$ cat structure-v7.csv   # CSV, C-alpha atoms
chain,number,residue,atom,x,y,z
K,6,MET,CA,14.9,-40.1,1.3
K,7,VAL,CA,16.6,-39.4,4.6
K,8,ASP,CA,17.8,-42.2,6.8
K,9,GLY,CA,17.6,-41.5,10.5
K,10,PRO,CA,15.6,-39.2,12.7
K,11,VAL,CA,14.2,-35.8,11.3
K,12,VAL,CA,12.8,-32.9,13.2
K,13,THR,CA,10.3,-30.5,11.5
K,14,VAL,CA,9.9,-26.9,12.8
K,15,ARG,CA,8.4,-23.6,11.9
K,16,GLY,CA,10.5,-20.5,11.9
K,17,GLU,CA,8.8,-17.0,12.2
K,18,ALA,CA,9.9,-13.4,12.3
K,19,TYR,CA,8.0,-10.1,12.8
K,20,ARG,CA,9.1,-6.5,12.3
K,21,GLU,CA,7.2,-3.2,12.6
K,22,VAL,CA,8.9,-0.5,10.6
K,23,PRO,CA,8.1,3.0,9.4
K,24,PRO,CA,6.5,3.2,5.9
K,25,GLU,CA,8.6,4.2,2.9
K,26,LEU,CA,5.9,5.4,0.5
K,27,ALA,CA,2.6,7.2,0.7
K,28,ARG,CA,0.0,7.2,-2.1
K,29,PHE,CA,-3.1,9.3,-2.5
K,30,ALA,CA,-5.7,9.5,-5.3
K,31,VAL,CA,-6.9,12.7,-7.0
K,32,THR,CA,-10.2,12.4,-8.8
K,33,VAL,CA,-11.7,15.3,-10.8
K,34,THR,CA,-15.3,15.2,-11.9
K,35,ALA,CA,-17.6,17.1,-14.4
K,36,ARG,CA,-21.3,17.0,-15.1
K,37,ASP,CA,-23.4,18.7,-17.8
K,38,ARG,CA,-26.4,18.1,-19.9
K,39,ASP,CA,-24.2,18.2,-23.0
K,40,ARG,CA,-21.6,15.5,-23.5
K,41,GLU,CA,-19.0,17.8,-25.2
K,42,ALA,CA,-19.3,20.3,-22.4
K,43,THR,CA,-18.8,17.5,-19.8
K,44,LEU,CA,-15.7,16.3,-21.6
K,45,THR,CA,-14.3,19.8,-22.0
K,46,ARG,CA,-14.7,20.6,-18.3
K,47,LEU,CA,-13.2,17.3,-17.4
K,48,ALA,CA,-10.2,17.9,-19.6
K,49,GLU,CA,-9.7,21.4,-18.2
K,50,ARG,CA,-9.9,20.2,-14.6
K,51,ALA,CA,-7.6,17.3,-15.2
K,52,ALA,CA,-5.1,19.7,-16.8
K,53,ALA,CA,-5.3,22.0,-13.8
K,54,VAL,CA,-4.4,19.0,-11.6
K,55,ARG,CA,-1.4,18.2,-13.8
K,56,VAL,CA,-0.2,21.8,-13.6
K,57,ARG,CA,-0.5,21.8,-9.8
K,58,LEU,CA,1.4,18.5,-9.6
K,59,ASP,CA,4.0,19.8,-12.0
K,60,GLY,CA,4.6,22.6,-9.7
K,61,GLU,CA,5.5,20.3,-6.8
K,62,GLY,CA,8.6,19.1,-8.6
K,63,ALA,CA,10.8,16.7,-6.6
K,64,ALA,CA,8.2,16.3,-3.8
K,65,ILE,CA,6.5,13.7,-6.0
K,66,ASP,CA,8.1,10.4,-6.8
K,67,ARG,CA,5.6,9.1,-9.2
K,68,ARG,CA,2.2,9.8,-10.6
K,69,GLU,CA,-0.1,7.7,-12.8
K,70,THR,CA,-3.4,8.4,-14.5
K,71,GLY,CA,-5.8,5.6,-13.7
K,72,GLU,CA,-9.5,5.2,-14.4
K,73,LEU,CA,-11.3,7.5,-16.8
K,74,ARG,CA,-15.1,7.3,-16.7
K,75,VAL,CA,-17.7,9.0,-18.9
K,76,ARG,CA,-21.3,7.8,-18.4
K,77,PRO,CA,-24.8,9.0,-19.2
K,78,GLU,CA,-27.5,9.8,-16.6
K,79,THR,CA,-30.9,8.7,-17.9
K,80,ARG,CA,-34.4,9.6,-16.8
K,81,ARG,CA,-35.8,6.9,-14.6
K,82,GLY,CA,-37.5,4.2,-16.5
K,83,THR,CA,-36.4,5.5,-19.9
K,84,GLU,CA,-33.2,5.7,-22.0
K,85,ARG,CA,-33.5,9.5,-22.3
K,86,VAL,CA,-30.1,11.1,-21.4
K,87,VAL,CA,-30.6,14.0,-19.0
K,88,ALA,CA,-26.9,14.6,-18.2
K,89,TRP,CA,-23.4,13.3,-18.7
K,90,HIS,CA,-20.9,12.5,-15.8
K,91,GLY,CA,-17.2,12.3,-16.2
K,92,SER,CA,-14.3,11.5,-13.9
K,93,VAL,CA,-10.6,10.8,-14.1
K,94,THR,CA,-8.2,9.7,-11.3
K,95,THR,CA,-4.5,10.3,-10.8
K,96,THR,CA,-2.5,8.4,-8.2
K,97,VAL,CA,0.4,10.2,-6.6
K,98,THR,CA,3.2,8.5,-4.8
K,99,VAL,CA,5.6,10.4,-2.5
K,100,SER,CA,8.5,9.3,-0.2
K,101,ASP,CA,9.0,12.6,1.6
K,102,PHE,CA,6.2,12.8,4.2
K,103,THR,CA,7.2,16.2,5.6
K,104,ALA,CA,5.1,18.2,3.1
K,105,LEU,CA,2.5,15.4,2.3
K,106,GLY,CA,-0.4,17.1,4.1
K,107,GLU,CA,0.3,20.5,2.5
K,108,LEU,CA,0.6,18.8,-0.9
K,109,MET,CA,-2.8,17.1,-0.5
K,110,LEU,CA,-4.5,20.3,0.6
K,111,ARG,CA,-3.0,22.3,-2.3
K,112,VAL,CA,-4.4,19.8,-4.8
K,113,ALA,CA,-7.8,19.7,-2.9
K,114,GLU,CA,-8.2,23.4,-3.4
K,115,LEU,CA,-8.9,22.9,-7.1
K,116,ASP,CA,-12.4,22.9,-8.5
K,117,GLN,CA,-14.4,19.6,-8.4
K,118,VAL,CA,-11.5,17.6,-6.9
K,119,GLU,CA,-11.8,14.6,-4.5
K,120,ILE,CA,-8.8,13.4,-2.5
K,121,ALA,CA,-8.5,9.9,-1.1
K,122,GLY,CA,-5.7,8.5,1.0
K,123,PRO,CA,-3.0,8.4,2.0
K,124,TRP,CA,-2.2,4.7,1.8
K,125,TRP,CA,1.1,3.8,3.4
K,126,SER,CA,3.5,1.0,2.3
K,127,LEU,CA,7.0,-0.2,1.9
K,128,ARG,CA,8.8,-0.2,-1.4
K,129,PRO,CA,8.4,-3.5,-3.2
K,130,ASP,CA,12.2,-4.1,-3.0
K,131,SER,CA,12.5,-2.9,0.6
K,132,PRO,CA,15.4,-4.5,2.5
K,133,THR,CA,13.0,-5.1,5.3
K,134,TYR,CA,11.5,-8.1,3.5
K,135,ARG,CA,14.9,-9.8,3.1
K,136,GLU,CA,15.8,-9.1,6.7
K,137,VAL,CA,12.6,-10.7,8.0
K,138,ARG,CA,13.0,-13.7,5.8
K,139,HIS,CA,16.6,-14.2,7.1
K,140,ALA,CA,15.3,-13.8,10.6
K,141,ALA,CA,12.6,-16.5,10.0
K,142,ILE,CA,15.3,-18.9,8.8
K,143,ALA,CA,17.5,-18.2,11.8
K,144,ASP,CA,14.5,-18.8,14.1
K,145,ALA,CA,13.8,-22.2,12.4
K,146,LEU,CA,17.4,-23.2,12.8
K,147,ALA,CA,17.4,-22.2,16.5
K,148,ARG,CA,14.2,-24.2,17.1
K,149,GLY,CA,15.6,-27.2,15.3
K,150,ARG,CA,18.7,-27.1,17.5
K,151,GLU,CA,16.6,-26.7,20.7
K,152,TYR,CA,14.5,-29.8,19.8
K,153,ALA,CA,17.6,-31.8,18.9
K,154,GLU,CA,19.4,-30.8,22.2
K,155,ALA,CA,16.3,-31.7,24.2
K,156,LEU,CA,16.7,-35.2,22.7
K,157,GLY,CA,20.4,-35.4,23.4
K,158,ALA,CA,21.1,-35.0,19.7
K,159,ARG,CA,22.4,-32.4,17.3
K,160,VAL,CA,21.4,-31.0,13.9
K,161,THR,CA,23.4,-32.6,11.2
K,162,ALA,CA,21.8,-31.4,7.9
K,163,LEU,CA,19.0,-29.4,6.4
K,164,VAL,CA,16.6,-31.7,4.6
K,165,GLU,CA,14.0,-29.2,3.4
K,166,LEU,CA,13.2,-25.5,3.7
K,167,ALA,CA,9.8,-24.0,2.5
K,168,ASP,CA,8.8,-20.4,2.5
K,169,THR,CA,5.2,-20.1,3.7
K,170,GLY,CA,4.9,-16.4,2.7
K,171,VAL,CA,5.6,-12.9,3.7
K,172,GLU,CA,2.7,-10.7,4.9
K,173,ARG,CA,2.8,-7.2,3.5
K,174,PRO,CA,-0.1,-5.2,4.9
K,175,MET,CA,-0.8,-1.7,3.6
K,176,MET,CA,-2.8,0.6,5.9
K,177,ALA,CA,-3.7,4.2,6.1
K,178,ARG,CA,-4.4,6.6,8.9
K,179,MET,CA,-5.1,10.3,8.5
K,180,ALA,CA,-5.9,13.1,11.0
K,181,TYR,CA,-7.2,16.6,10.2
K,182,ALA,CA,-6.3,19.6,12.2
K,183,GLY,CA,-7.0,23.3,11.6
K,184,GLY,CA,-9.8,25.0,9.8
K,185,PRO,CA,-11.3,28.4,10.1
K,186,GLU,CA,-11.5,28.2,13.9
K,187,ALA,CA,-7.8,27.5,14.2
K,188,GLY,CA,-6.8,30.6,12.3
K,189,GLY,CA,-4.9,30.8,9.0
K,190,GLY,CA,-5.3,28.2,6.3
K,191,PRO,CA,-6.2,24.5,6.9
K,192,GLU,CA,-3.5,22.1,8.0
K,193,LEU,CA,-3.3,18.3,7.8
K,194,ASP,CA,-1.5,16.4,10.5
K,195,LEU,CA,-0.6,13.0,9.0
K,196,ASP,CA,0.5,10.1,11.2
K,197,PRO,CA,2.4,7.5,9.1
K,198,GLN,CA,1.1,4.1,9.8
K,199,PRO,CA,3.9,1.6,10.9
K,200,GLN,CA,4.1,-1.3,8.6
K,201,SER,CA,4.0,-4.9,10.0
K,202,VAL,CA,6.0,-7.4,8.1
K,203,GLN,CA,5.9,-11.1,9.0
K,204,ALA,CA,7.7,-14.1,7.4
K,205,ALA,CA,7.4,-17.8,8.2
K,206,VAL,CA,9.3,-20.9,6.9
K,207,GLN,CA,9.0,-24.6,7.5
K,208,ALA,CA,12.2,-26.5,7.9
K,209,ARG,CA,13.1,-30.1,8.2
K,210,PHE,CA,16.5,-31.0,9.8
K,211,ALA,CA,18.2,-34.4,10.0
K,212,ILE,CA,19.5,-35.0,13.5
K,213,SER,CA,21.9,-37.5,15.1
K,214,GLU,CA,20.5,-40.4,17.0
K,215,PRO,CA,18.6,-39.2,20.1
K,216,VAL,CA,19.7,-40.3,23.5
K,217,LEU,CA,16.4,-41.4,25.1
K,218,SER,CA,17.6,-43.0,28.2

$ encode --input "structure-v7.csv" --output "structure tokens"
Amino acid sequence: MVDGPVVTVRGEAYREVPPELARFAVTVTARDRDREATLTRLAERAAAVRVRLDGEGAAIDRRETGELRVRPETRRGTERVVAWHGSVTTTVTVSDFTALGELMLRVAELDQVEIAGPWWSLRPDSPTYREVRHAAIADALARGREYAEALGARVTALVELADTGVERPMMARMAYAGGPEAGGGPELDLDPQPQSVQAAVQARFAISEPVLS
């Protein structure tokens, strides 16, 4: 319990910074009336993706195999299987954006491959988050002092500090340029999406006795 007057303020900070990571998903598919044939094709196409990604070396920071799906296609109104569908997805993470578009196109050249992304983000341990939190605390302290000064008082102690969260949006923007009419092979122009990071805190400060007259 605090004896004496207390002022409660909200401190906020906002930063817009370039992304540090880009992710895209590579999905290979296969379909055949025979289940074994579907699985064989799927395995071959997934292996082709692995070989292509292996060839990129240091351009790739991380890759992970995600969802594997194999499902039957049945004739309408019956349980008779007329075909089998298979798919497997690999997520690729890169931090060097200079060759990202070319990398995505090289993978997209493979048979029965779908590319999705990129999705831009900051690293989970990015120093930007710490910087924004510190800035939000500094803003709360500045506001507390301003209110105290307006009352002819001064901040004497911190009573409570609560973190109300850090916003971490992850957005994507992709533009395509080139094609047959442009001459040569296709090209991808990628515009990294700036990342908006916002932090807010609530602080309670004890202040000296106000001068109200």

$ closest_residue --input "structure-v7.csv" --among "K:Arg57, K:Arg50, K:Arg135, K:Arg74" --to "Leu110 in chain K" --atoms "all atoms listed in the file"
K:Arg57

$ atom_distance --input "structure-v7.csv" --atom1 "CA of Ile212 in chain K" --atom2 "CA of Leu146 in chain K"
12.0 Å

$ closest_residue --input "structure-v7.csv" --among "K:Ser201, K:Thr32, K:Thr98, K:Ser131" --to "Asp116 in chain K" --atoms "all atoms listed in the file"
K:Thr32

$ residues_around --input "structure-v7.csv" --residues "range 141-145 of chain K" --least-positions-apart "5" --cutoff "6 Å" --atoms "all atoms listed in the file" --output "number ranges by chain"
K: 15-18, 205

$ residues_around --input "structure-v7.csv" --residues "Ser218 in chain K" --least-positions-apart "2" --cutoff "12 Å" --atoms "only C-alpha atoms" --output "VMD selection string"
chain K and resid 156 to 157 214 to 216

$ residues_around --input "structure-v7.csv" --residues "Ala63 in chain K" --least-positions-apart "5" --cutoff "12 Å" --atoms "all atoms listed in the file" --output "PyMOL selection string"
chain K and resi 58+68+98-101+104+108

$ closest_residue --input "structure-v7.csv" --among "K:Tyr152, K:Tyr19, K:Phe102, K:Phe29" --to "Gly122 in chain K" --atoms "all atoms listed in the file"
K:Phe29

$ residues_around --input "structure-v7.csv" --residues "Glu69 in chain K" --least-positions-apart "6" --cutoff "7 Å" --atoms "only C-alpha atoms" --output "PyMOL selection string"
chain K and resi 95-97

$ atom_distance --input "structure-v7.csv" --atom1 "CA of Asp168 in chain K" --atom2 "CA of Trp124 in chain K"
27.4 Å

$ atom_distance --input "structure-v7.csv" --atom1 "CA of Arg209 in chain K" --atom2 "CA of Glu165 in chain K"
5.0 Å

$ residues_around --input "structure-v7.csv" --residues "Ala48 in chain K" --least-positions-apart "4" --cutoff "10 Å" --atoms "all atoms listed in the file" --output "ChimeraX atom specification"
/K:33-35,42-44,52-54,91-93

$ closest_residue --input "structure-v7.csv" --among "K:Asp37, K:Gly9, K:Leu193, K:Ile65" --to "Val86 in chain K" --atoms "all atoms listed in the file"
K:Asp37

$ closest_residue --input "structure-v7.csv" --among "K:Val137, K:Val31, K:Ile120, K:Gly170" --to "Gly71 in chain K" --atoms "only C-alpha atoms"
K:Val31

$ closest_residue --input "structure-v7.csv" --among "K:Leu127, K:Ala51, K:Thr169, K:Arg159" --to "Gln200 in chain K" --atoms "all atoms listed in the file"
K:Leu127

$ build_atoms --input "structure-v7.csv" --residues "range 90-118 of chain K" --atoms "N, CA and C atoms" --output "CSV table (one decimal), in the frame of the given file"
chain,number,residue,atom,x,y,z
K,90,HIS,N,-21.9,12.4,-17.0
K,90,HIS,CA,-20.9,12.5,-15.8
K,90,HIS,C,-19.5,12.0,-16.3
K,91,GLY,N,-18.5,12.7,-15.9
K,91,GLY,CA,-17.2,12.3,-16.2
K,91,GLY,C,-16.2,12.4,-15.0
K,92,SER,N,-15.3,11.5,-15.0
K,92,SER,CA,-14.3,11.5,-13.9
K,92,SER,C,-13.0,10.9,-14.4
K,93,VAL,N,-11.9,11.4,-13.8
K,93,VAL,CA,-10.6,10.8,-14.1
K,93,VAL,C,-9.7,10.9,-12.8
K,94,THR,N,-9.0,9.8,-12.6
K,94,THR,CA,-8.2,9.7,-11.3
K,94,THR,C,-6.8,9.6,-11.6
K,95,THR,N,-6.0,10.3,-10.8
K,95,THR,CA,-4.5,10.3,-10.8
K,95,THR,C,-4.0,9.8,-9.5
K,96,THR,N,-3.1,8.8,-9.5
K,96,THR,CA,-2.5,8.4,-8.2
K,96,THR,C,-1.2,9.0,-8.1
K,97,VAL,N,-0.9,9.6,-6.9
K,97,VAL,CA,0.4,10.2,-6.6
K,97,VAL,C,1.1,9.5,-5.6
K,98,THR,N,2.4,9.2,-5.8
K,98,THR,CA,3.2,8.5,-4.8
K,98,THR,C,4.4,9.5,-4.3
K,99,VAL,N,4.6,9.5,-3.0
K,99,VAL,CA,5.6,10.4,-2.5
K,99,VAL,C,6.4,9.6,-1.4
K,100,SER,N,7.6,9.9,-1.2
K,100,SER,CA,8.5,9.3,-0.2
K,100,SER,C,8.9,10.3,0.9
K,101,ASP,N,8.7,11.6,0.6
K,101,ASP,CA,9.0,12.6,1.6
K,101,ASP,C,7.7,13.0,2.3
K,102,PHE,N,7.5,12.6,3.5
K,102,PHE,CA,6.2,12.8,4.2
K,102,PHE,C,6.1,14.2,4.9
K,103,THR,N,7.2,14.9,4.9
K,103,THR,CA,7.2,16.2,5.6
K,103,THR,C,6.2,17.2,5.1
K,104,ALA,N,6.0,17.2,3.8
K,104,ALA,CA,5.1,18.2,3.1
K,104,ALA,C,3.9,17.5,2.5
K,105,LEU,N,3.6,16.2,2.9
K,105,LEU,CA,2.5,15.4,2.3
K,105,LEU,C,1.2,16.1,2.5
K,106,GLY,N,0.9,16.5,3.8
K,106,GLY,CA,-0.4,17.1,4.1
K,106,GLY,C,-0.6,18.3,3.3
K,107,GLU,N,0.4,19.2,3.3
K,107,GLU,CA,0.3,20.5,2.5
K,107,GLU,C,0.0,20.2,1.0
K,108,LEU,N,0.7,19.2,0.5
K,108,LEU,CA,0.6,18.8,-0.9
K,108,LEU,C,-0.9,18.4,-1.2
K,109,MET,N,-1.4,17.6,-0.3
K,109,MET,CA,-2.8,17.1,-0.5
K,109,MET,C,-3.8,18.2,-0.5
K,110,LEU,N,-3.5,19.2,0.5
K,110,LEU,CA,-4.5,20.3,0.6
K,110,LEU,C,-4.4,21.2,-0.6
K,111,ARG,N,-3.2,21.4,-1.1
K,111,ARG,CA,-3.0,22.3,-2.3
K,111,ARG,C,-3.8,21.7,-3.5
K,112,VAL,N,-3.7,20.4,-3.7
K,112,VAL,CA,-4.4,19.8,-4.8
K,112,VAL,C,-5.9,19.8,-4.5
K,113,ALA,N,-6.3,19.7,-3.3
K,113,ALA,CA,-7.8,19.7,-2.9
K,113,ALA,C,-8.4,21.0,-3.1
K,114,GLU,N,-7.6,22.1,-3.2
K,114,GLU,CA,-8.2,23.4,-3.4
K,114,GLU,C,-8.8,23.6,-4.8
K,115,LEU,N,-8.4,22.7,-5.8
K,115,LEU,CA,-8.9,22.9,-7.1
K,115,LEU,C,-10.4,22.5,-7.3
K,116,ASP,N,-11.0,23.0,-8.3
K,116,ASP,CA,-12.4,22.9,-8.5
K,116,ASP,C,-12.8,21.4,-8.8
K,117,GLN,N,-13.8,20.9,-8.1
K,117,GLN,CA,-14.4,19.6,-8.4
K,117,GLN,C,-13.3,18.5,-8.3
K,118,VAL,N,-12.6,18.5,-7.2
K,118,VAL,CA,-11.5,17.6,-6.9
K,118,VAL,C,-11.8,16.8,-5.6
